[in-house]
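Novice: Just so it is clear, I am handing over run_35.cif, which has mmCIF, C-alpha atoms.
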data_run
loop_
_atom_site.group_PDB
_atom_site.id
_atom_site.type_symbol
_atom_site.label_atom_id
_atom_site.label_comp_id
_atom_site.auth_asym_id
_atom_site.auth_seq_id
_atom_site.Cartn_x
_atom_site.Cartn_y
_atom_site.Cartn_z
ATOM 1 C CA MET A 10 -13.253 -25.593 19.555
ATOM 2 C CA LYS A 11 -12.025 -21.980 19.445
ATOM 3 C CA LYS A 12 -11.765 -20.284 16.034
ATOM 4 C CA SER A 13 -8.323 -19.058 15.039
ATOM 5 C CA LYS A 14 -7.937 -15.332 14.280
ATOM 6 C CA PHE A 15 -6.049 -16.285 11.127
ATOM 7 C CA ARG A 16 -8.647 -18.752 9.746
ATOM 8 C CA LEU A 17 -10.084 -17.420 6.493
ATOM 9 C CA THR A 18 -13.358 -18.231 4.755
ATOM 10 C CA ASP A 19 -13.273 -19.448 1.153
ATOM 11 C CA GLN A 20 -14.364 -16.001 -0.033
ATOM 12 C CA GLN A 21 -11.581 -14.344 1.985
ATOM 13 C CA LYS A 22 -9.051 -16.820 0.571
ATOM 14 C CA LEU A 23 -10.219 -16.045 -2.970
ATOM 15 C CA PHE A 24 -9.931 -12.308 -2.443
ATOM 16 C CA ALA A 25 -6.529 -12.713 -0.792
ATOM 17 C CA ALA A 26 -5.419 -14.647 -3.891
ATOM 18 C CA ILE A 27 -6.738 -11.903 -6.199
ATOM 19 C CA ALA A 28 -4.977 -9.239 -4.125
ATOM 20 C CA GLY A 29 -1.822 -11.384 -4.291
ATOM 21 C CA ILE A 30 -2.028 -11.487 -8.073
ATOM 22 C CA VAL A 31 -2.525 -7.702 -8.222
ATOM 23 C CA PHE A 32 0.495 -7.323 -5.923
ATOM 24 C CA LEU A 33 2.669 -9.516 -8.182
ATOM 25 C CA VAL A 34 1.553 -7.779 -11.391
ATOM 26 C CA LEU A 35 2.215 -4.315 -9.946
ATOM 27 C CA LEU A 36 5.606 -5.369 -8.586
ATOM 28 C CA PHE A 37 6.518 -6.826 -11.996
ATOM 29 C CA VAL A 38 5.409 -3.633 -13.805
ATOM 30 C CA ASP A 39 7.437 -1.525 -11.375
ATOM 31 C CA GLN A 40 10.609 -3.561 -11.787
ATOM 32 C CA ILE A 41 10.375 -4.046 -15.564
ATOM 33 C CA THR A 42 9.730 -0.345 -16.259
ATOM 34 C CA LYS A 43 12.598 0.670 -13.976
ATOM 35 C CA ALA A 44 14.891 -1.800 -15.747
ATOM 36 C CA ALA A 45 13.855 -0.437 -19.159
ATOM 37 C CA ALA A 46 14.411 3.161 -18.047
ATOM 38 C CA GLU A 47 17.828 2.256 -16.619
ATOM 39 C CA ALA A 48 18.878 0.332 -19.739
ATOM 40 C CA SER A 49 17.916 3.179 -22.050
ATOM 41 C CA GLN A 50 19.103 5.971 -19.704
ATOM 42 C CA ILE A 51 16.118 7.856 -21.097
ATOM 43 C CA ASN A 52 16.138 11.646 -20.870
ATOM 44 C CA GLN A 53 13.364 13.358 -22.800
ATOM 45 C CA SER A 54 13.588 17.113 -23.264
ATOM 46 C CA ASP A 55 9.849 17.705 -23.698
ATOM 47 C CA TYR A 56 6.781 16.618 -21.761
ATOM 48 C CA PHE A 57 4.589 14.070 -23.540
ATOM 49 C CA LEU A 58 1.101 15.586 -23.922
ATOM 50 C CA GLY A 59 2.332 18.322 -21.604
ATOM 51 C CA ILE A 60 2.169 15.944 -18.640
ATOM 52 C CA ILE A 61 4.908 13.275 -18.481
ATOM 53 C CA LYS A 62 8.599 13.478 -19.225
ATOM 54 C CA LEU A 63 10.761 10.363 -18.942
ATOM 55 C CA THR A 64 14.013 11.224 -17.207
ATOM 56 C CA TYR A 65 16.122 8.482 -15.648
ATOM 57 C CA ALA A 66 17.572 9.339 -12.236
ATOM 58 C CA GLU A 67 19.083 7.374 -9.359
ATOM 59 C CA ASN A 68 17.932 8.401 -5.902
ATOM 60 C CA PRO A 69 20.133 7.146 -3.035
ATOM 61 C CA GLY A 70 17.872 8.879 -0.484
ATOM 62 C CA MET A 71 14.204 8.665 0.270
ATOM 63 C CA ALA A 72 11.478 10.937 -1.156
ATOM 64 C CA PHE A 73 12.859 14.181 -2.599
ATOM 65 C CA SER A 74 16.380 12.732 -2.077
ATOM 66 C CA LEU A 75 16.181 13.329 1.673
ATOM 67 C CA PHE A 76 19.093 11.749 3.570
ATOM 68 C CA ALA A 77 20.845 10.918 0.282
ATOM 69 C CA GLN A 78 24.209 11.711 1.839
ATOM 70 C CA ASN A 79 23.456 10.138 5.235
ATOM 71 C CA TYR A 80 24.270 6.415 5.120
ATOM 72 C CA THR A 81 23.212 5.751 8.732
ATOM 73 C CA ALA A 82 19.807 7.391 8.239
ATOM 74 C CA MET A 83 19.221 5.348 5.080
ATOM 75 C CA VAL A 84 20.098 2.096 6.880
ATOM 76 C CA ILE A 85 17.588 2.967 9.610
ATOM 77 C CA ILE A 86 14.935 3.904 7.010
ATOM 78 C CA THR A 87 15.542 0.634 5.165
ATOM 79 C CA ILE A 88 15.128 -1.366 8.386
ATOM 80 C CA LEU A 89 11.931 0.552 9.196
ATOM 81 C CA THR A 90 10.669 -0.171 5.672
ATOM 82 C CA VAL A 91 11.152 -3.908 6.258
ATOM 83 C CA PHE A 92 9.132 -3.668 9.491
ATOM 84 C CA MET A 93 6.445 -1.675 7.666
ATOM 85 C CA ILE A 94 6.228 -4.345 4.956
ATOM 86 C CA ILE A 95 5.799 -7.036 7.615
ATOM 87 C CA GLY A 96 3.198 -4.898 9.398
ATOM 88 C CA ILE A 97 1.191 -4.427 6.198
ATOM 89 C CA ALA A 98 1.132 -8.198 5.650
ATOM 90 C CA VAL A 99 -0.077 -8.760 9.232
ATOM 91 C CA LEU A 100 -2.802 -6.119 8.840
ATOM 92 C CA PHE A 101 -3.895 -7.742 5.566
ATOM 93 C CA PHE A 102 -4.642 -11.060 7.294
ATOM 94 C CA THR A 103 -5.902 -9.749 10.652
ATOM 95 C CA LEU A 104 -7.470 -6.320 11.088
ATOM 96 C CA PHE A 105 -8.569 -5.992 7.445
ATOM 97 C CA LYS A 106 -9.303 -9.655 6.624
ATOM 98 C CA LYS A 107 -13.028 -8.862 6.298
ATOM 99 C CA ASN A 108 -12.492 -5.672 4.299
ATOM 100 C CA PRO A 109 -11.582 -6.522 0.675
ATOM 101 C CA PRO A 110 -11.211 -2.892 -0.520
ATOM 102 C CA ALA A 111 -8.769 -2.172 2.318
ATOM 103 C CA GLN A 112 -6.900 -5.402 1.546
ATOM 104 C CA MET A 113 -6.535 -4.338 -2.088
ATOM 105 C CA CYS A 114 -5.099 -0.991 -0.970
ATOM 106 C CA LEU A 115 -2.644 -2.805 1.293
ATOM 107 C CA ALA A 116 -1.588 -5.063 -1.606
ATOM 108 C CA ILE A 117 -0.968 -1.975 -3.765
ATOM 109 C CA ILE A 118 1.032 -0.236 -1.017
ATOM 110 C CA GLU A 119 2.998 -3.450 -0.406
ATOM 111 C CA ALA A 120 3.902 -3.699 -4.109
ATOM 112 C CA GLY A 121 5.294 -0.169 -4.011
ATOM 113 C CA ALA A 122 7.167 -0.628 -0.752
ATOM 114 C CA ILE A 123 8.769 -3.892 -1.877
ATOM 115 C CA GLY A 124 9.539 -2.484 -5.338
ATOM 116 C CA ASN A 125 11.522 0.386 -3.867
ATOM 117 C CA LEU A 126 13.088 -1.866 -1.213
ATOM 118 C CA ILE A 127 14.371 -4.212 -3.950
ATOM 119 C CA ASP A 128 15.998 -1.231 -5.659
ATOM 120 C CA ARG A 129 17.548 0.045 -2.446
ATOM 121 C CA LEU A 130 18.942 -3.343 -1.427
ATOM 122 C CA TYR A 131 20.078 -4.528 -4.863
ATOM 123 C CA PHE A 132 21.241 -1.285 -6.484
ATOM 124 C CA GLY A 133 21.895 0.959 -3.473
ATOM 125 C CA HIS A 134 19.468 3.537 -4.872
ATOM 126 C CA VAL A 135 15.919 3.771 -6.195
ATOM 127 C CA ARG A 136 15.558 4.007 -9.960
ATOM 128 C CA ASP A 137 13.247 6.899 -10.883
ATOM 129 C CA PHE A 138 12.136 7.965 -14.341
ATOM 130 C CA LEU A 139 8.715 9.670 -14.261
ATOM 131 C CA ASP A 140 8.584 13.468 -14.136
ATOM 132 C CA ILE A 141 4.940 14.549 -13.907
ATOM 133 C CA SER A 142 4.597 18.129 -15.132
ATOM 134 C CA PRO A 143 1.666 19.488 -13.108
ATOM 135 C CA LEU A 144 3.070 18.121 -9.833
ATOM 136 C CA HIS A 145 6.712 19.205 -10.113
ATOM 137 C CA PHE A 146 7.655 16.974 -7.178
ATOM 138 C CA GLY A 147 10.768 15.666 -8.859
ATOM 139 C CA VAL A 148 11.313 12.390 -10.626
ATOM 140 C CA CYS A 149 9.530 9.303 -9.275
ATOM 141 C CA ASN A 150 8.606 5.739 -10.297
ATOM 142 C CA PRO A 151 5.533 3.453 -10.386
ATOM 143 C CA ALA A 152 6.199 2.188 -6.841
ATOM 144 C CA ASP A 153 5.895 5.748 -5.536
ATOM 145 C CA PHE A 154 2.482 6.032 -7.201
ATOM 146 C CA TYR A 155 1.382 2.687 -5.747
ATOM 147 C CA ILE A 156 2.284 3.802 -2.229
ATOM 148 C CA THR A 157 0.641 7.219 -2.576
ATOM 149 C CA VAL A 158 -2.570 6.110 -4.283
ATOM 150 C CA GLY A 159 -2.900 3.029 -2.063
ATOM 151 C CA ALA A 160 -2.430 5.062 1.133
ATOM 152 C CA VAL A 161 -4.919 7.774 0.124
ATOM 153 C CA ALA A 162 -7.499 5.158 -0.896
ATOM 154 C CA LEU A 163 -6.920 3.196 2.334
ATOM 155 C CA VAL A 164 -7.540 6.281 4.475
ATOM 156 C CA PHE A 165 -10.738 6.992 2.507
ATOM 157 C CA ILE A 166 -11.911 3.393 2.987
ATOM 158 C CA ILE A 167 -11.120 3.364 6.712
ATOM 159 C CA LEU A 168 -13.012 6.616 7.165
ATOM 160 C CA PHE A 169 -16.050 6.127 4.903
ATOM 161 C CA ILE A 170 -16.490 2.712 3.204
ATOM 162 C CA GLY A 171 -18.236 -0.259 4.809
ATOM 163 C CA SER A 172 -19.926 -0.939 8.111
ATOM 164 C CA SER A 173 -16.589 -1.091 9.932
ATOM 165 C CA SER A 174 -15.559 2.408 8.768
ATOM 166 C CA MET A 175 -15.366 5.330 11.174
ATOM 167 C CA PHE A 176 -18.010 7.393 9.348
ATOM 168 C CA PRO A 177 -19.997 5.012 7.085
ATOM 169 C CA LEU A 178 -21.369 6.870 4.064
ATOM 170 C CA LYS A 179 -24.347 4.596 3.348
ATOM 171 C CA LYS A 180 -27.304 4.291 5.675
ATOM 172 C CA SER A 181 -27.203 0.468 5.380
ATOM 173 C CA TRP A 182 -23.551 0.470 6.554
ATOM 174 C CA ARG A 183 -24.470 2.667 9.535
ATOM 175 C CA GLU A 184 -27.326 0.337 10.469
ATOM 176 C CA GLU A 185 -25.090 -2.727 10.099
ATOM 177 C CA ALA A 186 -22.471 -1.040 12.298
ATOM 178 C CA LYS A 187 -25.090 -0.451 15.001
ATOM 179 C CA LEU A 188 -26.159 -4.119 14.852
ATOM 180 C CA LEU A 189 -22.549 -5.319 15.088
ATOM 181 C CA GLU A 190 -21.929 -3.020 18.051
ATOM 182 C CA ALA A 191 -25.077 -4.304 19.777
ATOM 183 C CA GLU A 192 -23.920 -7.908 19.203
ATOM 184 C CA LYS A 193 -20.516 -7.115 20.714
ATOM 185 C CA GLU A 194 -22.137 -5.528 23.752
ATOM 186 C CA GLU A 195 -24.424 -8.553 24.165
ATOM 187 C CA LYS A 196 -21.468 -10.964 23.998
ATOM 188 C CA LYS A 197 -19.537 -8.863 26.502
ATOM 189 C CA LYS A 198 -22.547 -8.782 28.830
ATOM 190 C CA ASN A 199 -22.990 -12.578 28.546
ATOM 191 C CA ARG A 200 -19.319 -13.158 29.438
ATOM 192 C CA HIS A 201 -19.642 -11.114 32.612
ATOM 193 C CA ASP A 202 -22.811 -12.938 33.746
#
I need this file expressed as structure tokens, please.
Specialist:
Amino acid sequence: MKKSKFRLTDQQKLFAAIAGIVFLVLLFVDQITKAAAEASQINQSDYFLGIIKLTYAENPGMAFSLFAQNYTAMVIITILTVFMIIGIAVLFFTLFKKNPPAQMCLAIIEAGAIGNLIDRLYFGHVRDFLDISPLHFGVCNPADFYITVGAVALVFIILFIGSSSMFPLKKSWREEAKLLEAEKEEKKKNRHD
């Protein structure tokens, strides 16, 4: 009987459930903080601890209000976002099913992408309220942080963490990668014989 690509071990199911819970919590935090900022129409004049100023803003465009006045571009971006969200879910259960740190990053990115997609579809704009002083990138929201931090961490993991990474940092991961590669070559050789 051939094993399905989508069959998960009990450990993988448990981690997928944990990542699912993290996803739901982050999505809830994103939506509830946006709702609170919108309800209060907060607009602080000073930065708290010199770092964060809460300033409610509605962004009909994408990052930095790009394409805010271009309805067609925003429809295309929204459709592409839906495909990206589906792609992240597929990657979670296929390519990265044996890589829990990468799965967690994907869950974090997914929470951000869906959080902003909900805003765009329901309100017609993304609700922003966080102005981070040292960055001066404009006003953003928790979902933006989820996407950014999750993507940076995912790239780091793909490059350096675990035996399946491109450049494993630990010697044990490098040795495990060599063993896995040797096993693959042996299986390939056996198929051709």
Novice: Record the distance separating CA of Gly133 (chain A) and CA of Met83 (chain A), expressed in Å with one decimal.
Specialist: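 Here the two named atoms are 10.0 Å from each other.
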Novice: Can you tell me how far CA of Leu188 (chain A) sits from CA of Ile166 (chain A), in Å to one decimal?
Specialist: 20.0 Å
Novice: Can you give me, as an NGL selection string, the residues this file yields under the PyMOL selection byres ((chain A and resi 16-30) around 12)?
Specialist: :A and (11-15 or 31-37 or 98 or 101-103 or 105-120)
Novice: Grab the CA of Gln50 (chain A) to CA of Ile88 (chain A) distance for me, in Å with one decimal place.
Specialist: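 For CA of Gln50 (chain A) relative to CA of Ile88 (chain A), the distance reads 29.3 Å.
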Novice: For a quick check of understanding, using all atoms listed in the file, which of A:Ala160, A:Ile141, A:Ala46, A:Ile60 has the smallest distance to Ile97 (chain A)?
Specialist: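 For Ile97 (chain A), the nearest of the candidates is A:Ala160.
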Novice: Give me the residues of region 84-202 of chain A that have any atom at most 8 Å from an atom of region 40-45 of chain A; for each, the nearest atom pair and the distance in Å, rounded to one decimal. Use only C-alpha atoms, sort by chain and number, and format it as a Markdown table.
Specialist:
| residue | atom | partner | partner_atom | distance |
| --- | --- | --- | --- | --- |
| A:Gly124 | CA | A:Gln40 | CA | 6.6 |
| A:Arg136 | CA | A:Lys43 | CA | 6.0 |
| A:Asp137 | CA | A:Lys43 | CA | 7.0 |
| A:Phe138 | CA | A:Lys43 | CA | 7.3 |
| A:Asn150 | CA | A:Lys43 | CA | 7.4 |
Novice: Take the selection from the previous step and output its residues with C-alpha atoms, as a short mmCIF file (atom, residue, chain, number, x, y, z; two decimals), in the frame of the given file.
Specialist:
data_model
loop_
_atom_site.label_atom_id
_atom_site.label_comp_id
_atom_site.auth_asym_id
_atom_site.auth_seq_id
_atom_site.Cartn_x
_atom_site.Cartn_y
_atom_site.Cartn_z
CA GLY A 124 9.54 -2.48 -5.34
CA ARG A 136 15.56 4.01 -9.96
CA ASP A 137 13.25 6.90 -10.88
CA PHE A 138 12.14 7.96 -14.34
CA ASN A 150 8.61 5.74 -10.30
#
Novice: Can you tell me which residues surround Phe165 (chain A) at a distance of at most 12 Å, considering only C-alpha atoms, apart from same-chain residues fewer than 2 positions away, and format the answer as an mmCIF file with C-alpha atoms, in the frame of the given file?
Specialist:
data_model
loop_
_atom_site.group_PDB
_atom_site.id
_atom_site.type_symbol
_atom_site.label_atom_id
_atom_site.label_comp_id
_atom_site.auth_asym_id
_atom_site.auth_seq_id
_atom_site.Cartn_x
_atom_site.Cartn_y
_atom_site.Cartn_z
ATOM 1 C CA PRO A 110 -11.211 -2.892 -0.520
ATOM 2 C CA ALA A 111 -8.769 -2.172 2.318
ATOM 3 C CA CYS A 114 -5.099 -0.991 -0.970
ATOM 4 C CA VAL A 158 -2.570 6.110 -4.283
ATOM 5 C CA GLY A 159 -2.900 3.029 -2.063
ATOM 6 C CA ALA A 160 -2.430 5.062 1.133
ATOM 7 C CA VAL A 161 -4.919 7.774 0.124
ATOM 8 C CA ALA A 162 -7.499 5.158 -0.896
ATOM 9 C CA LEU A 163 -6.920 3.196 2.334
ATOM 10 C CA ILE A 167 -11.120 3.364 6.712
ATOM 11 C CA LEU A 168 -13.012 6.616 7.165
ATOM 12 C CA PHE A 169 -16.050 6.127 4.903
ATOM 13 C CA ILE A 170 -16.490 2.712 3.204
ATOM 14 C CA GLY A 171 -18.236 -0.259 4.809
ATOM 15 C CA SER A 174 -15.559 2.408 8.768
ATOM 16 C CA MET A 175 -15.366 5.330 11.174
ATOM 17 C CA PHE A 176 -18.010 7.393 9.348
ATOM 18 C CA PRO A 177 -19.997 5.012 7.085
ATOM 19 C CA LEU A 178 -21.369 6.870 4.064
#
Novice: Would you kindly return, as a list in words, each protein, DNA or RNA residue with an atom no farther than 7 Å from any atom of Lys62 (chain A), considering all atoms listed in the file and excluding same-chain residues fewer than 4 positions away?
Specialist: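 These residues fall inside the cut-off: Gln53, Asp55, Tyr56, Phe57, Leu139, Asp140 and Ile141 of chain A.
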Novice: Would you kindly translate the PyMOL selection byres ((chain A and resi 122) around 9) into the concrete residues it picks from this file, as a VMD selection string?
Specialist: chain A and resid 90 to 91 93 to 94 117 to 121 123 to 127 152 to 153 155 to 156
Novice: List the spatial neighbours of region 67-79 of chain A as a PyMOL selection string - criterion: any atom at most 6 Å away, all atoms listed in the file, same-chain residues fewer than 3 positions off excluded.
Specialist: chain A and resi 82+134-136
Novice: Kindly indicate which residue among A:Thr157, A:Glu194, A:Asn199, A:Pro143 lies nearest to Ile61 (chain A), using only C-alpha atoms for the distances.
Specialist: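 Smallest separation from Ile61 (chain A) among the options: A:Pro143.
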